[in-house]
Amino acid sequence: MDETSGTAGVTGKSGEPGTAGETGKAAGADEAVRRRRLAAWRGSRRALARPAMDLRLGERLAALAADAGAVHDLDDPADMYGDGVVAELERRVAGLLGFPAAVFFPTGTMAQQVALRCWAGRTGNRTVALHPLAHSEVHERDALSAVSGLLTVRPTTEPRLPTAQEIRDLAEPFGTLMLELPLRDAGFVLPGWDELVAVVEAARERDAVVHFDGARLWESVAHLGRPLAEIAGLADSVYVSFYKSLDGLSGAALVGPEELVEEARAWRHRYGGQVFQQFPAALSALLGLERELPRLPAYVAQARVVAAALAESLAASPVPWFRVHPEPPHTHQFQVWLPYAPEVLTEAAVRQAEETEVTLFRTWHPAPAGPPGLAFTEVTVAEAGLEWTAQDIRAAVEDFVRRVREEQERERA
């Protein structure tokens, strides 16, 4: 559900793949749509967040060149196969999360496959217990089974993390419990601290190890009410992302015991992740740790203000139904649901940005289940959103809802 991505594929009227010409035209149309949206978002004087992925290539390179010297000596030699600045980043992350060692990966998908594969070998059980909405199940093309030969079982299908009792009651044995914190596709939801501790203890009772998909663990501190290292310390290993909340270029880290991390380095090489030079990603990650990480608690607090104002404004509007989820948000990201086609809502959002220079919402998506005509969007509140007041939200919602009704009338005409 990348906000700037196009469609997954192109088919002709019969449902068969289109011709090369048709495919090219569709790809061109998708690119035109993407560029229009980016232009609208970039041109907005007000937005709840300004993700770095919206920047042009030159802007991103210039910003990195201007700022990188604040976090690393740029007179150092460039890294080669993971030394230098990459090794410094690994040491920094291991210390932040309270683990003895860390290893840098080019992607989180690779990091988690390697971690779970290593644990399967160490436990002698290749079954992983995880949520059906976990990233590994929804967004990785069955990589755990297709590439790593792992099996999965589901302790719950509810749109939340499993409870301790559900872990105890799971009929099948498993070697690793993987918990995504927060569970993004369920609405960036988290358990309470005591619930999380109980779930981990229940897994230990079954002689299983615990791995955290912590792609967004950085912003979970406010809800869980514990320091980052204490949260991470519940698990045997943790993966964290550098671009999702820290605005890095790319990359991830796996932290854990030294023996596991060394084994993960070997598997990283086998999986094709032993990249020659990665200093741009490493430098941007260090910048994210230095600048964005300390700001995340403020973003979470403001997300709660924004969510409450959205709920109040939508309740007072003509929309027949809405949902802000979760309410209040557990992190600085949450979902908004409305009973309209996603195309209508996205067009209204883009027009609002183009014509008023205010970006309230970005891309809307069809509901993954249920009847047609229901859509949701993901709202992120970051530095740009700190200046918004509840009155600003109310004004923007009123304008957005008016545009939604106009789009509906235009579609009917």
# chains A, B, ... in the order shown; residues from 1 in each chain; ligands from 1

$ select_by_dssp --residues "stretch 57-289 of chain A" --states "helix (DSSP H, G or I)" --output "short mmCIF file (atom, residue, chain, number, x, y, z; two decimals) with N, CA and C atoms, in the first residue's frame"
data_model
loop_
_atom_site.label_atom_id
_atom_site.label_comp_id
_atom_site.auth_asym_id
_atom_site.auth_seq_id
_atom_site.Cartn_x
_atom_site.Cartn_y
_atom_site.Cartn_z
N LEU A 57 15.18 13.53 -6.83
CA LEU A 57 16.50 12.92 -6.66
C LEU A 57 17.54 13.95 -6.23
N GLY A 58 17.57 15.08 -6.93
CA GLY A 58 18.55 16.09 -6.61
C GLY A 58 18.39 16.64 -5.21
N GLU A 59 17.13 16.82 -4.79
CA GLU A 59 16.87 17.32 -3.44
C GLU A 59 17.35 16.34 -2.38
N ARG A 60 17.10 15.06 -2.64
CA ARG A 60 17.49 14.05 -1.65
C ARG A 60 19.02 13.95 -1.55
N LEU A 61 19.68 13.98 -2.69
CA LEU A 61 21.14 13.91 -2.69
C LEU A 61 21.75 15.14 -2.03
N ALA A 62 21.20 16.30 -2.34
CA ALA A 62 21.74 17.54 -1.78
C ALA A 62 21.56 17.57 -0.26
N ALA A 63 20.40 17.13 0.22
CA ALA A 63 20.14 17.12 1.66
C ALA A 63 21.09 16.17 2.38
N LEU A 64 21.33 15.00 1.77
CA LEU A 64 22.23 14.03 2.40
C LEU A 64 23.66 14.59 2.44
N ALA A 65 24.09 15.19 1.35
CA ALA A 65 25.45 15.74 1.29
C ALA A 65 25.62 16.87 2.30
N ALA A 66 24.58 17.67 2.47
CA ALA A 66 24.67 18.81 3.39
C ALA A 66 24.65 18.40 4.85
N ASP A 67 23.94 17.31 5.17
CA ASP A 67 23.70 16.97 6.57
C ASP A 67 24.57 15.83 7.11
N ALA A 68 25.10 14.98 6.23
CA ALA A 68 25.76 13.76 6.68
C ALA A 68 26.95 14.02 7.58
N GLY A 69 27.64 15.15 7.39
CA GLY A 69 28.80 15.45 8.21
C GLY A 69 28.48 15.65 9.67
N ALA A 70 27.21 15.84 9.99
CA ALA A 70 26.82 16.01 11.39
C ALA A 70 26.80 14.69 12.15
N VAL A 85 31.24 3.14 7.98
CA VAL A 85 30.02 3.77 8.48
C VAL A 85 28.92 2.75 8.71
N VAL A 86 28.90 1.67 7.94
CA VAL A 86 27.88 0.62 8.14
C VAL A 86 28.11 -0.06 9.49
N ALA A 87 29.35 -0.37 9.81
CA ALA A 87 29.66 -0.98 11.10
C ALA A 87 29.33 -0.03 12.24
N GLU A 88 29.57 1.27 12.04
CA GLU A 88 29.21 2.25 13.07
C GLU A 88 27.71 2.24 13.32
N LEU A 89 26.93 2.20 12.25
CA LEU A 89 25.49 2.14 12.39
C LEU A 89 25.06 0.89 13.15
N GLU A 90 25.67 -0.24 12.85
CA GLU A 90 25.34 -1.47 13.56
C GLU A 90 25.61 -1.33 15.06
N ARG A 91 26.74 -0.76 15.41
CA ARG A 91 27.07 -0.57 16.83
C ARG A 91 26.05 0.36 17.50
N ARG A 92 25.66 1.40 16.79
CA ARG A 92 24.70 2.36 17.36
C ARG A 92 23.35 1.70 17.61
N VAL A 93 22.89 0.92 16.68
CA VAL A 93 21.57 0.29 16.81
C VAL A 93 21.60 -0.77 17.90
N ALA A 94 22.65 -1.57 17.95
CA ALA A 94 22.75 -2.58 19.00
C ALA A 94 22.69 -1.92 20.37
N GLY A 95 23.37 -0.81 20.53
CA GLY A 95 23.34 -0.12 21.81
C GLY A 95 21.97 0.45 22.15
N LEU A 96 21.30 1.06 21.17
CA LEU A 96 19.98 1.63 21.40
C LEU A 96 18.97 0.57 21.83
N LEU A 97 19.07 -0.62 21.25
CA LEU A 97 18.10 -1.67 21.52
C LEU A 97 18.55 -2.62 22.63
N GLY A 108 14.20 -5.12 4.92
CA GLY A 108 13.62 -5.80 6.06
C GLY A 108 13.13 -7.19 5.72
N THR A 109 12.64 -7.37 4.50
CA THR A 109 12.19 -8.69 4.07
C THR A 109 13.32 -9.71 4.19
N MET A 110 14.50 -9.33 3.74
CA MET A 110 15.65 -10.23 3.85
C MET A 110 16.05 -10.44 5.30
N ALA A 111 16.05 -9.37 6.09
CA ALA A 111 16.46 -9.48 7.49
C ALA A 111 15.58 -10.46 8.24
N GLN A 112 14.28 -10.39 8.02
CA GLN A 112 13.37 -11.26 8.78
C GLN A 112 13.42 -12.69 8.29
N GLN A 113 13.54 -12.88 6.98
CA GLN A 113 13.68 -14.25 6.49
C GLN A 113 14.92 -14.91 7.09
N VAL A 114 16.01 -14.17 7.12
CA VAL A 114 17.24 -14.72 7.66
C VAL A 114 17.09 -15.01 9.15
N ALA A 115 16.51 -14.07 9.89
CA ALA A 115 16.34 -14.28 11.33
C ALA A 115 15.51 -15.51 11.61
N LEU A 116 14.39 -15.65 10.92
CA LEU A 116 13.50 -16.78 11.18
C LEU A 116 14.12 -18.09 10.71
N ARG A 117 14.89 -18.03 9.63
CA ARG A 117 15.57 -19.23 9.17
C ARG A 117 16.62 -19.67 10.19
N CYS A 118 17.37 -18.72 10.73
CA CYS A 118 18.38 -19.05 11.74
C CYS A 118 17.74 -19.65 12.99
N TRP A 119 16.64 -19.06 13.44
CA TRP A 119 15.97 -19.59 14.62
C TRP A 119 15.40 -20.98 14.36
N ALA A 120 14.92 -21.23 13.15
CA ALA A 120 14.40 -22.56 12.83
C ALA A 120 15.50 -23.61 12.96
N GLY A 121 16.70 -23.27 12.51
CA GLY A 121 17.80 -24.21 12.64
C GLY A 121 18.20 -24.43 14.09
N ARG A 122 18.12 -23.38 14.90
CA ARG A 122 18.55 -23.48 16.28
C ARG A 122 17.51 -24.17 17.16
N THR A 123 16.22 -23.99 16.85
CA THR A 123 15.18 -24.63 17.66
C THR A 123 14.83 -26.02 17.15
N HIS A 135 3.38 -8.47 8.02
CA HIS A 135 4.01 -8.08 6.75
C HIS A 135 4.51 -9.29 5.98
N SER A 136 5.08 -10.25 6.68
CA SER A 136 5.61 -11.45 6.02
C SER A 136 4.53 -12.25 5.30
N GLU A 137 3.29 -12.19 5.81
CA GLU A 137 2.19 -12.92 5.19
C GLU A 137 1.52 -12.14 4.07
N VAL A 138 1.49 -10.82 4.18
CA VAL A 138 0.69 -10.00 3.26
C VAL A 138 1.52 -9.40 2.13
N ALA A 143 7.38 -15.40 0.77
CA ALA A 143 8.82 -15.63 0.80
C ALA A 143 9.24 -16.60 1.89
N LEU A 144 8.57 -16.58 3.04
CA LEU A 144 8.99 -17.46 4.13
C LEU A 144 8.95 -18.92 3.70
N SER A 145 7.92 -19.29 2.96
CA SER A 145 7.83 -20.68 2.50
C SER A 145 8.58 -20.90 1.20
N ALA A 146 8.42 -19.98 0.25
CA ALA A 146 9.01 -20.18 -1.08
C ALA A 146 10.53 -20.12 -1.06
N ALA A 164 -2.02 -13.92 25.34
CA ALA A 164 -1.24 -15.00 25.94
C ALA A 164 -2.01 -16.31 25.90
N GLN A 165 -3.32 -16.25 26.15
CA GLN A 165 -4.12 -17.48 26.14
C GLN A 165 -4.19 -18.08 24.76
N GLU A 166 -4.26 -17.25 23.73
CA GLU A 166 -4.27 -17.76 22.35
C GLU A 166 -2.95 -18.44 22.01
N ILE A 167 -1.86 -17.94 22.54
CA ILE A 167 -0.57 -18.59 22.33
C ILE A 167 -0.55 -19.95 23.03
N ARG A 168 -1.06 -19.99 24.25
CA ARG A 168 -1.09 -21.27 24.99
C ARG A 168 -2.02 -22.27 24.31
N ASP A 169 -3.12 -21.80 23.73
CA ASP A 169 -4.13 -22.69 23.15
C ASP A 169 -3.81 -23.12 21.73
N ARG A 184 0.77 -3.17 11.46
CA ARG A 184 0.44 -2.10 10.53
C ARG A 184 -0.91 -2.29 9.85
N ASP A 185 -1.14 -3.47 9.25
CA ASP A 185 -2.35 -3.65 8.45
C ASP A 185 -3.62 -3.77 9.27
N ALA A 186 -3.50 -3.87 10.58
CA ALA A 186 -4.67 -3.83 11.45
C ALA A 186 -4.93 -2.42 11.96
N TRP A 193 1.51 -2.94 27.64
CA TRP A 193 2.78 -3.50 28.09
C TRP A 193 2.59 -4.84 28.80
N ASP A 194 1.66 -4.90 29.75
CA ASP A 194 1.44 -6.14 30.49
C ASP A 194 0.97 -7.26 29.56
N GLU A 195 0.17 -6.91 28.57
CA GLU A 195 -0.28 -7.92 27.59
C GLU A 195 0.90 -8.45 26.80
N LEU A 196 1.78 -7.55 26.38
CA LEU A 196 2.95 -7.97 25.60
C LEU A 196 3.85 -8.89 26.42
N VAL A 197 4.09 -8.53 27.67
CA VAL A 197 4.92 -9.37 28.54
C VAL A 197 4.29 -10.75 28.69
N ALA A 198 2.98 -10.79 28.86
CA ALA A 198 2.30 -12.07 29.05
C ALA A 198 2.39 -12.94 27.80
N VAL A 199 2.27 -12.32 26.63
CA VAL A 199 2.37 -13.08 25.37
C VAL A 199 3.77 -13.69 25.23
N VAL A 200 4.78 -12.91 25.53
CA VAL A 200 6.16 -13.41 25.44
C VAL A 200 6.37 -14.55 26.42
N GLU A 201 5.87 -14.41 27.63
CA GLU A 201 6.00 -15.48 28.63
C GLU A 201 5.29 -16.74 28.18
N ALA A 202 4.12 -16.57 27.54
CA ALA A 202 3.38 -17.75 27.05
C ALA A 202 4.18 -18.49 25.98
N ALA A 203 4.88 -17.74 25.12
CA ALA A 203 5.72 -18.38 24.10
C ALA A 203 6.88 -19.13 24.75
N ARG A 204 7.46 -18.52 25.77
CA ARG A 204 8.57 -19.18 26.46
C ARG A 204 8.11 -20.47 27.14
N GLU A 205 6.88 -20.45 27.65
CA GLU A 205 6.33 -21.67 28.27
C GLU A 205 6.28 -22.82 27.27
N LEU A 217 9.05 -0.10 15.47
CA LEU A 217 9.20 -0.19 16.93
C LEU A 217 9.58 1.16 17.53
N TRP A 218 10.30 1.97 16.76
CA TRP A 218 10.78 3.26 17.26
C TRP A 218 9.66 4.10 17.88
N GLU A 219 8.49 4.11 17.25
CA GLU A 219 7.41 4.98 17.71
C GLU A 219 6.44 4.29 18.66
N SER A 220 6.78 3.08 19.11
CA SER A 220 5.90 2.32 20.00
C SER A 220 6.15 2.63 21.48
N VAL A 221 7.17 3.41 21.76
CA VAL A 221 7.57 3.67 23.14
C VAL A 221 6.46 4.38 23.92
N ALA A 222 5.81 5.37 23.30
CA ALA A 222 4.80 6.16 24.02
C ALA A 222 3.65 5.29 24.49
N HIS A 223 3.15 4.41 23.63
CA HIS A 223 2.01 3.57 23.98
C HIS A 223 2.39 2.51 25.01
N LEU A 224 3.55 1.90 24.83
CA LEU A 224 3.96 0.83 25.73
C LEU A 224 4.49 1.36 27.06
N LEU A 228 12.98 2.07 24.94
CA LEU A 228 13.15 1.25 23.74
C LEU A 228 13.88 -0.05 24.02
N ALA A 229 14.96 0.03 24.79
CA ALA A 229 15.74 -1.17 25.06
C ALA A 229 14.97 -2.17 25.91
N GLU A 230 14.12 -1.70 26.80
CA GLU A 230 13.32 -2.62 27.62
C GLU A 230 12.28 -3.34 26.77
N ILE A 231 11.69 -2.62 25.83
CA ILE A 231 10.72 -3.24 24.92
C ILE A 231 11.41 -4.30 24.07
N ALA A 232 12.50 -3.90 23.43
CA ALA A 232 13.23 -4.83 22.56
C ALA A 232 13.76 -6.01 23.35
N GLU A 258 25.24 -12.45 19.77
CA GLU A 258 26.36 -12.40 18.83
C GLU A 258 26.39 -13.61 17.90
N GLU A 259 26.11 -14.80 18.44
CA GLU A 259 26.16 -16.01 17.61
C GLU A 259 25.11 -15.96 16.51
N LEU A 260 23.91 -15.49 16.85
CA LEU A 260 22.85 -15.38 15.85
C LEU A 260 23.22 -14.35 14.79
N VAL A 261 23.75 -13.23 15.21
CA VAL A 261 24.10 -12.17 14.26
C VAL A 261 25.19 -12.63 13.31
N GLU A 262 26.16 -13.36 13.80
CA GLU A 262 27.21 -13.86 12.92
C GLU A 262 26.66 -14.85 11.91
N GLU A 263 25.76 -15.70 12.35
CA GLU A 263 25.12 -16.63 11.41
C GLU A 263 24.29 -15.84 10.40
N ALA A 264 23.63 -14.79 10.86
CA ALA A 264 22.81 -13.96 9.95
C ALA A 264 23.69 -13.30 8.89
N ARG A 265 24.90 -12.92 9.25
CA ARG A 265 25.80 -12.34 8.25
C ARG A 265 26.11 -13.34 7.13
N ALA A 266 26.29 -14.59 7.51
CA ALA A 266 26.56 -15.62 6.49
C ALA A 266 25.36 -15.79 5.56
N TRP A 267 24.17 -15.83 6.16
CA TRP A 267 22.97 -15.98 5.33
C TRP A 267 22.69 -14.73 4.52
N ARG A 268 23.02 -13.58 5.04
CA ARG A 268 22.87 -12.35 4.25
C ARG A 268 23.66 -12.46 2.96
N HIS A 269 24.88 -12.98 3.06
CA HIS A 269 25.72 -13.15 1.87
C HIS A 269 25.05 -14.14 0.90
N ARG A 270 24.55 -15.25 1.44
CA ARG A 270 23.91 -16.26 0.58
C ARG A 270 22.65 -15.72 -0.10
N PHE A 279 27.05 3.28 1.93
CA PHE A 279 27.20 4.47 2.78
C PHE A 279 26.04 5.46 2.65
N PRO A 280 25.38 5.64 1.49
CA PRO A 280 24.25 6.58 1.49
C PRO A 280 23.13 6.13 2.43
N ALA A 281 22.79 4.84 2.39
CA ALA A 281 21.75 4.33 3.27
C ALA A 281 22.17 4.41 4.73
N ALA A 282 23.42 4.08 5.02
CA ALA A 282 23.90 4.10 6.40
C ALA A 282 23.93 5.53 6.96
N LEU A 283 24.40 6.48 6.16
CA LEU A 283 24.44 7.87 6.61
C LEU A 283 23.03 8.41 6.87
N SER A 284 22.12 8.10 5.96
CA SER A 284 20.74 8.59 6.16
C SER A 284 20.10 7.93 7.37
N ALA A 285 20.46 6.68 7.66
CA ALA A 285 19.94 6.01 8.86
C ALA A 285 20.47 6.69 10.12
N LEU A 286 21.75 7.01 10.13
CA LEU A 286 22.33 7.71 11.28
C LEU A 286 21.66 9.07 11.48
N LEU A 287 21.36 9.76 10.39
CA LEU A 287 20.66 11.03 10.49
C LEU A 287 19.26 10.84 11.08
N GLY A 288 18.59 9.76 10.66
CA GLY A 288 17.27 9.48 11.20
C GLY A 288 17.30 9.21 12.69
N LEU A 289 18.30 8.46 13.13
CA LEU A 289 18.44 8.18 14.56
C LEU A 289 18.74 9.46 15.34
#

$ residues_around --residues "A:Ala375" --least-positions-apart "4" --cutoff "6 Å" --atoms "only C-alpha atoms" --output "PyMOL selection string"
chain A and resi 337-338+342+365-367

$ closest_residue --among "A:Val306, A:Val404, A:Leu170, A:Val238" --to "A:Asp392" --atoms "only C-alpha atoms"
A:Val306

$ residues_around --residues "A:Leu161" --least-positions-apart "3" --cutoff "10 Å" --atoms "only C-alpha atoms" --output "list of chain:residue names"
A:Leu130, A:His131, A:Leu133, A:Ala134, A:Pro155, A:Thr156, A:Thr157, A:Glu158, A:Ala164, A:Glu166, A:Leu179, A:Glu180, A:Leu181, A:Pro182, A:Leu183, A:Ala186, A:Val189, A:Leu190, A:Pro191, A:Glu195, A:Leu196, A:Val199
